[in-house]
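S.K.: Enclosed is the structure file start-v8.cif (mmCIF, C-alpha atoms).
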```cif
data_start
loop_
_atom_site.label_atom_id
_atom_site.label_comp_id
_atom_site.auth_asym_id
_atom_site.auth_seq_id
_atom_site.Cartn_x
_atom_site.Cartn_y
_atom_site.Cartn_z
CA MET S 141 -12.73 -13.24 7.31
CA SER S 142 -12.96 -9.57 6.28
CA ARG S 143 -12.61 -8.44 2.68
CA TYR S 144 -9.57 -6.46 3.78
CA LEU S 145 -7.73 -9.54 5.07
CA HIS S 146 -8.83 -11.57 2.07
CA HIS S 147 -6.99 -9.17 -0.23
CA LEU S 148 -3.80 -8.68 1.78
CA HIS S 149 -1.93 -11.10 -0.46
CA ASN S 150 -2.56 -8.72 -3.38
CA VAL S 151 -0.99 -5.89 -1.44
CA LYS S 152 2.08 -7.95 -0.56
CA LEU S 153 2.60 -8.57 -4.25
CA LEU S 154 2.55 -4.83 -4.82
CA VAL S 155 5.61 -4.44 -2.58
CA ALA S 156 7.64 -6.56 -4.97
CA LEU S 157 5.83 -5.11 -8.00
CA LEU S 158 4.89 -8.56 -9.20
CA THR S 159 2.05 -9.03 -11.65
CA LEU S 160 -1.40 -9.23 -10.10
CA ALA S 161 -3.21 -9.85 -13.36
CA THR S 162 -2.72 -12.48 -16.07
CA LEU S 163 -0.10 -11.18 -18.47
CA PHE S 164 -0.24 -11.70 -22.21
CA ALA S 165 2.27 -11.02 -24.98
CA CYS S 166 1.66 -8.42 -27.66
CA ALA S 167 0.96 -9.63 -31.17
CA ASN S 168 2.47 -7.29 -33.81
CA PRO S 169 1.68 -4.01 -32.02
CA THR S 170 1.85 -0.87 -34.10
CA PRO S 171 3.74 2.17 -32.76
CA GLN S 172 1.81 4.00 -30.02
CA GLN S 173 -0.73 1.17 -29.77
CA ALA S 174 -0.19 -2.07 -27.85
CA SER S 175 -3.00 -4.55 -28.39
CA VAL S 176 -4.07 -7.29 -26.01
CA PRO S 177 -4.46 -10.58 -27.87
CA ALA S 178 -6.62 -13.46 -26.74
CA ALA S 179 -3.63 -15.70 -26.13
CA ALA S 180 0.07 -15.31 -25.55
CA THR S 181 2.27 -15.68 -28.64
CA ALA S 182 5.74 -14.90 -27.28
CA PRO S 183 7.34 -14.05 -23.94
CA GLU S 184 7.47 -10.35 -23.08
CA SER S 185 10.58 -8.66 -21.79
CA LEU S 186 8.38 -6.18 -19.92
CA ARG S 187 5.54 -6.87 -17.50
CA LEU S 188 2.81 -4.65 -16.11
CA ALA S 189 2.30 -5.09 -12.37
CA LEU S 190 -1.20 -3.88 -11.58
CA ALA S 191 -1.58 -2.52 -8.04
CA SER S 192 -5.22 -1.38 -8.24
CA THR S 193 -7.65 -3.81 -6.63
CA ASP S 194 -10.95 -1.94 -7.01
CA LEU S 195 -11.71 -1.15 -10.66
CA ALA S 196 -15.27 -0.31 -11.65
CA VAL S 197 -17.33 1.22 -14.43
CA GLY S 198 -16.51 4.93 -14.64
CA GLY S 199 -13.33 6.83 -13.88
CA ASN S 200 -10.45 5.01 -12.17
CA ARG S 201 -6.96 5.85 -10.98
CA VAL S 202 -5.00 2.82 -12.18
CA VAL S 203 -1.67 2.18 -10.45
CA PHE S 204 0.93 -0.08 -12.01
CA GLY S 205 4.62 -0.82 -12.23
CA VAL S 206 6.57 -1.65 -15.35
CA ILE S 207 8.98 -4.53 -14.80
CA ASP S 208 11.90 -5.44 -17.03
CA THR S 209 12.24 -9.20 -16.49
CA ALA S 210 16.03 -8.91 -16.71
CA GLU S 211 16.73 -5.58 -14.98
CA GLY S 212 13.82 -4.89 -12.61
CA PRO S 213 11.50 -1.88 -12.28
CA VAL S 214 11.45 0.63 -15.14
CA ARG S 215 11.38 4.28 -14.14
CA ASP S 216 13.17 6.42 -16.75
CA ALA S 217 10.61 6.02 -19.52
CA SER S 218 7.45 7.51 -20.96
CA VAL S 219 4.41 5.24 -20.92
CA GLN S 220 1.28 5.46 -23.03
CA VAL S 221 -1.65 3.27 -22.02
CA SER S 222 -4.55 2.00 -24.14
CA THR S 223 -7.62 0.06 -23.03
CA PHE S 224 -9.39 -2.74 -24.90
CA PHE S 225 -12.66 -4.44 -24.06
CA LEU S 226 -12.40 -8.25 -24.17
CA PRO S 227 -15.90 -9.71 -24.65
CA PRO S 228 -16.67 -13.41 -24.17
CA ASN S 229 -16.82 -13.93 -27.94
CA GLY S 230 -13.08 -13.27 -28.10
CA ILE S 231 -13.33 -10.35 -30.55
CA GLN S 232 -11.27 -7.57 -29.00
CA GLU S 233 -12.73 -4.04 -29.10
CA GLY S 234 -10.51 -1.01 -29.11
CA PRO S 235 -8.44 0.79 -28.32
CA ILE S 236 -11.28 2.40 -26.39
CA GLU S 237 -9.09 5.03 -24.72
CA THR S 238 -5.43 6.06 -24.92
CA VAL S 239 -3.77 8.22 -22.26
CA ASP S 240 -0.29 9.08 -21.03
CA ALA S 241 0.72 7.60 -17.68
CA VAL S 242 2.59 9.61 -15.07
CA PHE S 243 5.49 8.30 -12.99
CA ARG S 244 4.97 8.87 -9.27
CA ALA S 245 8.07 8.64 -7.11
CA TRP S 246 7.66 6.72 -3.85
CA PRO S 247 9.72 7.34 -0.71
CA VAL S 248 10.28 3.59 -0.29
CA THR S 249 11.29 0.63 -2.45
CA PRO S 250 10.54 0.16 -5.38
CA ARG S 251 10.86 3.92 -5.64
CA GLY S 252 7.77 4.58 -7.65
CA VAL S 253 4.89 3.50 -9.86
CA PHE S 254 2.96 4.82 -12.83
CA THR S 255 -0.60 6.11 -12.60
CA ALA S 256 -3.17 6.62 -15.34
CA ARG S 257 -6.71 7.94 -15.25
CA LEU S 258 -8.81 5.43 -17.18
CA ASN S 259 -12.53 5.32 -17.85
CA PHE S 260 -14.22 1.94 -18.32
CA ASP S 261 -17.65 2.16 -19.94
CA ARG S 262 -18.83 -1.37 -19.10
CA ALA S 263 -18.14 -4.20 -16.70
CA GLY S 264 -16.20 -7.30 -17.69
CA GLU S 265 -12.71 -8.26 -18.71
CA TRP S 266 -10.49 -5.53 -20.11
CA GLY S 267 -7.02 -5.45 -21.53
CA ILE S 268 -4.46 -2.77 -20.80
CA GLY S 269 -1.75 -2.29 -23.39
CA ALA S 270 1.24 -0.06 -22.72
CA VAL S 271 3.87 1.37 -25.06
CA ILE S 272 7.02 2.09 -23.06
CA THR S 273 9.55 4.46 -24.65
CA ASP S 274 12.97 4.63 -23.00
CA ALA S 275 15.29 7.64 -22.84
CA GLY S 276 16.91 6.57 -26.09
CA GLY S 277 13.62 6.48 -27.97
CA ASP S 278 13.31 2.68 -28.16
CA GLU S 279 9.78 1.32 -27.80
CA ARG S 280 8.65 -1.86 -26.09
CA THR S 281 5.22 -3.07 -25.11
CA ALA S 282 3.57 -4.82 -22.19
CA THR S 283 -0.01 -5.93 -21.54
CA ALA S 284 -2.26 -7.11 -18.75
CA ARG S 285 -5.85 -8.15 -18.22
CA VAL S 286 -8.07 -6.71 -15.49
CA LEU S 287 -11.59 -7.32 -14.25
CA VAL S 288 -13.84 -4.28 -14.12
CA ASN S 289 -16.87 -4.51 -11.82
CA ASP S 290 -20.25 -2.84 -12.20
CA ALA S 291 -19.71 -0.88 -9.01
CA SER S 292 -16.76 -0.03 -6.80
CA ALA S 293 -16.39 -1.90 -3.51
CA THR S 294 -15.16 1.32 -1.91
CA PRO S 295 -17.27 4.51 -1.74
CA ALA S 296 -17.69 5.79 -5.29
CA LEU S 297 -16.65 9.17 -6.62
CA GLY S 298 -19.52 11.62 -6.65
CA THR S 299 -21.37 9.88 -3.80
CA ALA S 300 -21.87 10.96 -0.21
CA ALA S 301 -19.10 9.89 2.14
CA PRO S 302 -20.18 7.34 4.76
CA ARG S 303 -21.03 9.10 8.01
CA SER S 304 -18.78 6.86 10.07
CA ILE S 305 -18.44 7.16 13.84
CA SER S 306 -14.70 6.64 13.62
CA LYS S 307 -12.72 6.25 16.84
CA THR S 308 -11.36 9.42 18.45
CA LEU S 309 -8.72 10.09 21.07
CA ALA S 310 -11.49 10.77 23.55
CA ASP S 311 -12.89 7.29 22.84
CA ALA S 312 -9.57 5.48 23.08
CA GLY S 313 -8.14 7.33 26.05
CA ASP S 314 -4.56 7.21 24.75
CA PHE S 315 -2.70 6.95 21.46
CA GLU S 316 -1.55 3.36 22.01
CA ARG S 317 -5.17 2.19 21.79
CA LEU S 318 -5.88 4.43 18.82
CA THR S 319 -3.05 4.40 16.29
CA THR S 320 0.24 2.82 15.31
CA ASP S 321 1.58 6.17 14.11
CA PHE S 322 4.91 6.78 15.82
CA GLU S 323 4.34 10.55 15.97
CA PRO S 324 0.55 10.99 16.14
CA ASP S 325 -1.08 14.36 15.53
CA ALA S 326 -3.89 14.77 18.07
CA ASP S 327 -5.86 16.97 15.65
CA MET S 328 -6.33 14.00 13.32
CA TYR S 329 -8.18 12.06 16.04
CA ALA S 330 -10.22 14.89 17.53
CA MET S 331 -13.50 14.22 15.72
CA THR S 332 -15.36 11.42 13.99
CA ILE S 333 -15.83 11.39 10.24
CA ALA S 334 -19.51 12.18 10.82
CA ASP S 335 -18.58 15.17 13.00
CA ALA S 336 -16.13 16.44 10.39
CA LEU S 337 -18.74 16.21 7.65
CA ASP S 338 -21.12 18.28 9.77
CA THR S 339 -18.65 21.20 9.85
CA GLY S 340 -19.24 21.94 6.17
CA LYS S 341 -15.51 22.01 5.51
CA PRO S 342 -13.70 19.77 3.01
CA LEU S 343 -12.23 16.65 4.58
CA MET S 344 -9.24 14.42 3.89
CA VAL S 345 -9.38 10.93 5.40
CA VAL S 346 -6.41 8.57 5.32
CA PHE S 347 -6.71 4.89 6.24
CA SER S 348 -3.33 3.44 7.15
CA THR S 349 -1.42 1.38 9.68
CA PRO S 350 2.16 2.66 9.93
CA ALA S 351 3.43 -0.16 12.15
CA TYR S 352 1.87 -3.07 10.23
CA CYS S 353 1.61 -1.77 6.66
CA GLN S 354 1.86 -4.50 4.03
CA THR S 355 3.21 -2.06 1.43
CA ALA S 356 5.60 -0.13 3.72
CA THR S 357 3.95 3.08 2.51
CA CYS S 358 1.45 3.79 5.31
CA GLY S 359 3.89 5.80 7.40
CA PRO S 360 5.19 7.82 4.44
CA GLN S 361 1.59 8.37 3.28
CA LEU S 362 0.61 9.71 6.68
CA ASP S 363 3.64 12.02 6.59
CA VAL S 364 2.43 13.42 3.25
CA ILE S 365 -1.02 14.03 4.72
CA LYS S 366 0.50 15.81 7.71
CA ASP S 367 2.45 18.00 5.31
CA VAL S 368 -0.76 18.90 3.48
CA LYS S 369 -2.47 19.54 6.83
CA ALA S 370 0.24 22.02 7.81
CA GLU S 371 -0.81 24.17 4.87
CA TYR S 372 -4.58 23.69 4.88
CA ALA S 373 -5.50 23.09 8.53
CA THR S 374 -7.59 26.27 8.74
CA THR S 375 -9.66 25.52 5.64
CA MET S 376 -10.33 21.77 5.89
CA ASN S 377 -10.33 18.84 8.29
CA PHE S 378 -7.96 15.87 8.40
CA ILE S 379 -8.61 12.46 9.94
CA HIS S 380 -6.43 9.38 10.26
CA VAL S 381 -8.20 6.04 10.71
CA GLU S 382 -5.99 3.22 11.95
CA VAL S 383 -6.67 0.03 9.98
CA TYR S 384 -6.73 -2.06 13.15
CA ASP S 385 -9.17 -1.42 15.98
CA ASN S 386 -6.91 -2.84 18.71
CA PRO S 387 -3.35 -1.69 17.99
CA HIS S 388 -2.33 -2.07 21.65
CA GLU S 389 -3.14 -5.79 21.59
CA ILE S 390 -1.43 -6.83 18.35
CA GLU S 391 2.14 -7.01 19.72
CA GLY S 392 3.61 -7.80 16.31
CA ASP S 393 1.21 -10.67 15.58
CA LEU S 394 -1.55 -9.79 13.11
CA THR S 395 -3.52 -12.86 14.12
CA ASN S 396 -4.40 -10.76 17.18
CA ALA S 397 -5.60 -7.88 15.01
CA VAL S 398 -9.21 -6.74 14.69
CA ILE S 399 -10.09 -4.71 11.60
CA SER S 400 -11.51 -1.28 12.34
CA PRO S 401 -15.29 -1.13 11.85
CA THR S 402 -14.73 2.04 9.83
CA VAL S 403 -12.40 0.22 7.42
CA GLU S 404 -15.10 -2.44 7.03
CA GLU S 405 -17.80 0.20 6.51
CA TRP S 406 -15.79 1.81 3.69
CA GLY S 407 -15.15 -1.58 2.05
CA LEU S 408 -11.40 -1.15 1.79
CA PRO S 409 -9.57 -4.13 0.24
CA SER S 410 -6.02 -2.88 0.95
CA GLU S 411 -4.01 -0.09 2.54
CA PRO S 412 -3.33 2.76 2.52
CA TRP S 413 -6.32 4.61 1.09
CA THR S 414 -6.85 8.38 0.99
CA PHE S 415 -10.18 10.11 0.29
CA VAL S 416 -10.83 13.80 -0.44
CA ILE S 417 -14.36 14.97 0.37
CA ASP S 418 -15.76 18.40 -0.45
CA GLY S 419 -17.70 20.73 1.83
CA ASP S 420 -20.98 19.13 0.79
CA GLY S 421 -19.81 15.72 1.94
CA VAL S 422 -19.29 14.36 -1.59
CA ILE S 423 -16.26 12.21 -2.41
CA ARG S 424 -14.23 14.04 -5.04
CA ALA S 425 -11.14 11.82 -5.18
CA LYS S 426 -9.82 8.55 -3.79
CA PHE S 427 -6.37 7.05 -3.94
CA GLU S 428 -5.43 3.43 -3.40
CA ALA S 429 -1.84 2.79 -2.28
CA PHE S 430 0.63 5.64 -1.83
CA THR S 431 -0.27 8.96 -3.38
CA THR S 432 2.02 11.93 -3.79
CA ARG S 433 1.65 15.49 -2.60
CA GLU S 434 1.41 16.51 -6.25
CA GLU S 435 -1.68 14.35 -6.83
CA LEU S 436 -3.34 15.64 -3.68
CA ASP S 437 -2.62 19.26 -4.56
CA GLU S 438 -4.26 18.75 -7.96
CA VAL S 439 -7.48 17.65 -6.25
CA LEU S 440 -7.38 20.31 -3.55
CA ALA S 441 -7.07 23.01 -6.20
CA LEU S 442 -10.54 21.92 -7.37
CA VAL S 443 -12.12 21.27 -3.99
CA LEU S 444 -10.96 24.45 -2.27
CA ASN S 445 -11.64 26.87 -5.13
#
```
Will you turn the file into structure tokens for me?

M.R.:
Amino acid sequence: MSRYLHHLHNVKLLVALLTLATLFACANPTPQQASVPAAATAPESLRLALASTDLAVGGNRVVFGVIDTAEGPVRDASVQVSTFFLPPNGIQEGPIETVDAVFRAWPVTPRGVFTARLNFDRAGEWGIGAVITDAGGDERTATARVLVNDASATPALGTAAPRSISKTLADAGDFERLTTDFEPDADMYAMTIADALDTGKPLMVVFSTPAYCQTATCGPQLDVIKDVKAEYATTMNFIHVEVYDNPHEIEGDLTNAVISPTVEEWGLPSEPWTFVIDGDGVIRAKFEAFTTREELDEVLALVLN
């Protein structure tokens, strides 16, 4: 079984914004600093639902939802996130880093998540503590534990993008054998990733499956990429890679599905994923799950200037 299929259950949990990591209660947190204790001491009214499945030493875009156990997803709030290293000896270290999270509106239920740029300086178990301040100024806390690996399973930032011979329209012969996008853009299937890298232009690659997306965000994500393409088509290349290699044979039953060799080559554990690669073929940004036009524009301002 592929790593992608092995992790699909994690992605399904993201749809409902349920907790993917073990959740622990806060023990006497001080304002602006939520600690992560070794054991739960009281039930929390808020939960962090971690959506990121590929955390590694170095910089990470961490995606999470904040869930009120009585009222559902929290959106109208400011969130400050702190990280704590949790060594085997049980003596918590930190906070190591404290940053403000940003709410990112989604075009589909649950209408958005928070993202934070976090840097982990070593592998192992880490705690994430969040202070959530509502519109009235009231503070509550939530915590989660995550596992940070030595290296990312997906291509790492600052490394050369894999020179994949991704499937093109010329290879497939028609769109039905190539993509589940309901309104495919032929330009996004005109060249392989390797061919695009050889042009010397920046490249945006999106891996998604609009018809069979486990998070219901693949179609909307592809629409965002098409919107970006409309503005930058003359200065960079855009490629869509369908998650499944045989979309014409699936017929609504994913037991018939074959994972794309390119998805396997890039080590993707979920969908969608979007990568931004500069003109030298170096990966400058990667986004797991849905990413907004705003986040992509921030990266392109660096890559294209």

S.K.: Rounded to one decimal place, report the CA of Ala330 in chain S-CA of Thr308 in chain S distance in Å.

M.R.: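 Between CA of Ala330 in chain S and CA of Thr308 in chain S the gap is 5.7 Å.
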
S.K.: Quick one: of S:Asn229, S:Thr402, S:Thr223, S:Thr431, who's nearest to Trp266 in chain S, counting only C-alpha atoms?

M.R.: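 Residue with the minimum atom-to-atom distance to Trp266 in chain S: S:Thr223.
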
S.K.: Need the shell around Ala312 in chain S: protein/DNA/RNA residues with any atom at most 10 Å away, counting all atoms listed in the file. Skip same-chain ones fewer than 6 positions apart. Format as a VMD selection string?

M.R.: chain S and resid 318 to 319 329 385 to 386

S.K.: Calculate, to one decimal in Å, the centre and edge lengths of the box along x, y and z of the file that holds all listed atoms of range 280-286 of chain S with 5 Å of margin on each side, and present them as JSON.

M.R.:
```
{"center_x": 0.3, "center_y": -5.0, "center_z": -20.8, "size_x": 26.7, "size_y": 16.3, "size_z": 20.6}
```

S.K.: Find the distance between CA of Val219 in chain S and CA of Val271 in chain S and write it in Å to one decimal.

M.R.: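 Going from CA of Val219 in chain S over to CA of Val271 in chain S covers 5.7 Å.
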
S.K.: With the file shown as input, list the residues that the PyMOL selection byres ((chain S and resi 239) around 8) selects, as a list in words.

M.R.: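 What the PyMOL selection byres ((chain S and resi 239) around 8) grabs from the file is Gln220, Val221, Ser222, Glu237, Thr238, Asp240, Ala241, Ala256, Arg257 and Leu258 of chain S.
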
S.K.: Store the residues picked out above, limited to C-alpha atoms, as an mmCIF file, keeping the file's coordinate frame.

M.R.:
```cif
data_model
loop_
_atom_site.group_PDB
_atom_site.id
_atom_site.type_symbol
_atom_site.label_atom_id
_atom_site.label_comp_id
_atom_site.auth_asym_id
_atom_site.auth_seq_id
_atom_site.Cartn_x
_atom_site.Cartn_y
_atom_site.Cartn_z
ATOM 1 C CA GLN S 220 1.280 5.460 -23.030
ATOM 2 C CA VAL S 221 -1.650 3.270 -22.020
ATOM 3 C CA SER S 222 -4.550 2.000 -24.140
ATOM 4 C CA GLU S 237 -9.090 5.030 -24.720
ATOM 5 C CA THR S 238 -5.430 6.060 -24.920
ATOM 6 C CA ASP S 240 -0.290 9.080 -21.030
ATOM 7 C CA ALA S 241 0.720 7.600 -17.680
ATOM 8 C CA ALA S 256 -3.170 6.620 -15.340
ATOM 9 C CA ARG S 257 -6.710 7.940 -15.250
ATOM 10 C CA LEU S 258 -8.810 5.430 -17.180
#
```

S.K.: Give me the residues within 9 Å of Ile423 in chain S as a list in words, counting all atoms listed in the file and dropping any in the same chain fewer than 5 places off.

M.R.: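 So the residues in contact are Pro295, Ala296, Leu297, Gly298, Thr299, Ala300, Ala301, Phe415, Val416, Ile417 and Asp418 of chain S.
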
S.K.: To one decimal place in Å, what is the distance between CA of Leu195 in chain S and CA of Thr357 in chain S?

M.R.: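 Spanning CA of Leu195 in chain S to CA of Thr357 in chain S is a straight-line distance of 20.9 Å.
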
S.K.: Spell out the residues picked by the PyMOL selection byres ((chain S and resi 382-384) around 8) here, as a PyMOL selection string.

M.R.: chain S and resi 318-320+347-349+380-381+385-387+397-400+403+411

S.K.: If we count all atoms listed in the file and set the cut-off at 9 Å, which residues sit around Phe378 in chain S, ignoring sequence neighbours fewer than 4 positions away in its own chain? Please answer as a list of chain:residue names.

M.R.: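 Answer for this query is S:Asp327, S:Met328, S:Tyr329, S:Ala336, S:Pro342, S:Leu343, S:Met344, S:Val345, S:Val346, S:Ile365, S:Lys366, S:Lys369, S:Ala373.
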
S.K.: I'd like to know which of S:Glu265, S:Asp335, S:Glu428, S:Glu279 is closest to Ser185 in chain S, using all atoms listed in the file.

M.R.: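 For Ser185 in chain S, the nearest of the given residues is S:Glu279.
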
S.K.: For Ile268 in chain S, which of S:Pro228, S:Ile305, S:Arg317, S:Val203 is the closest residue, counting only C-alpha atoms?

M.R.: S:Val203
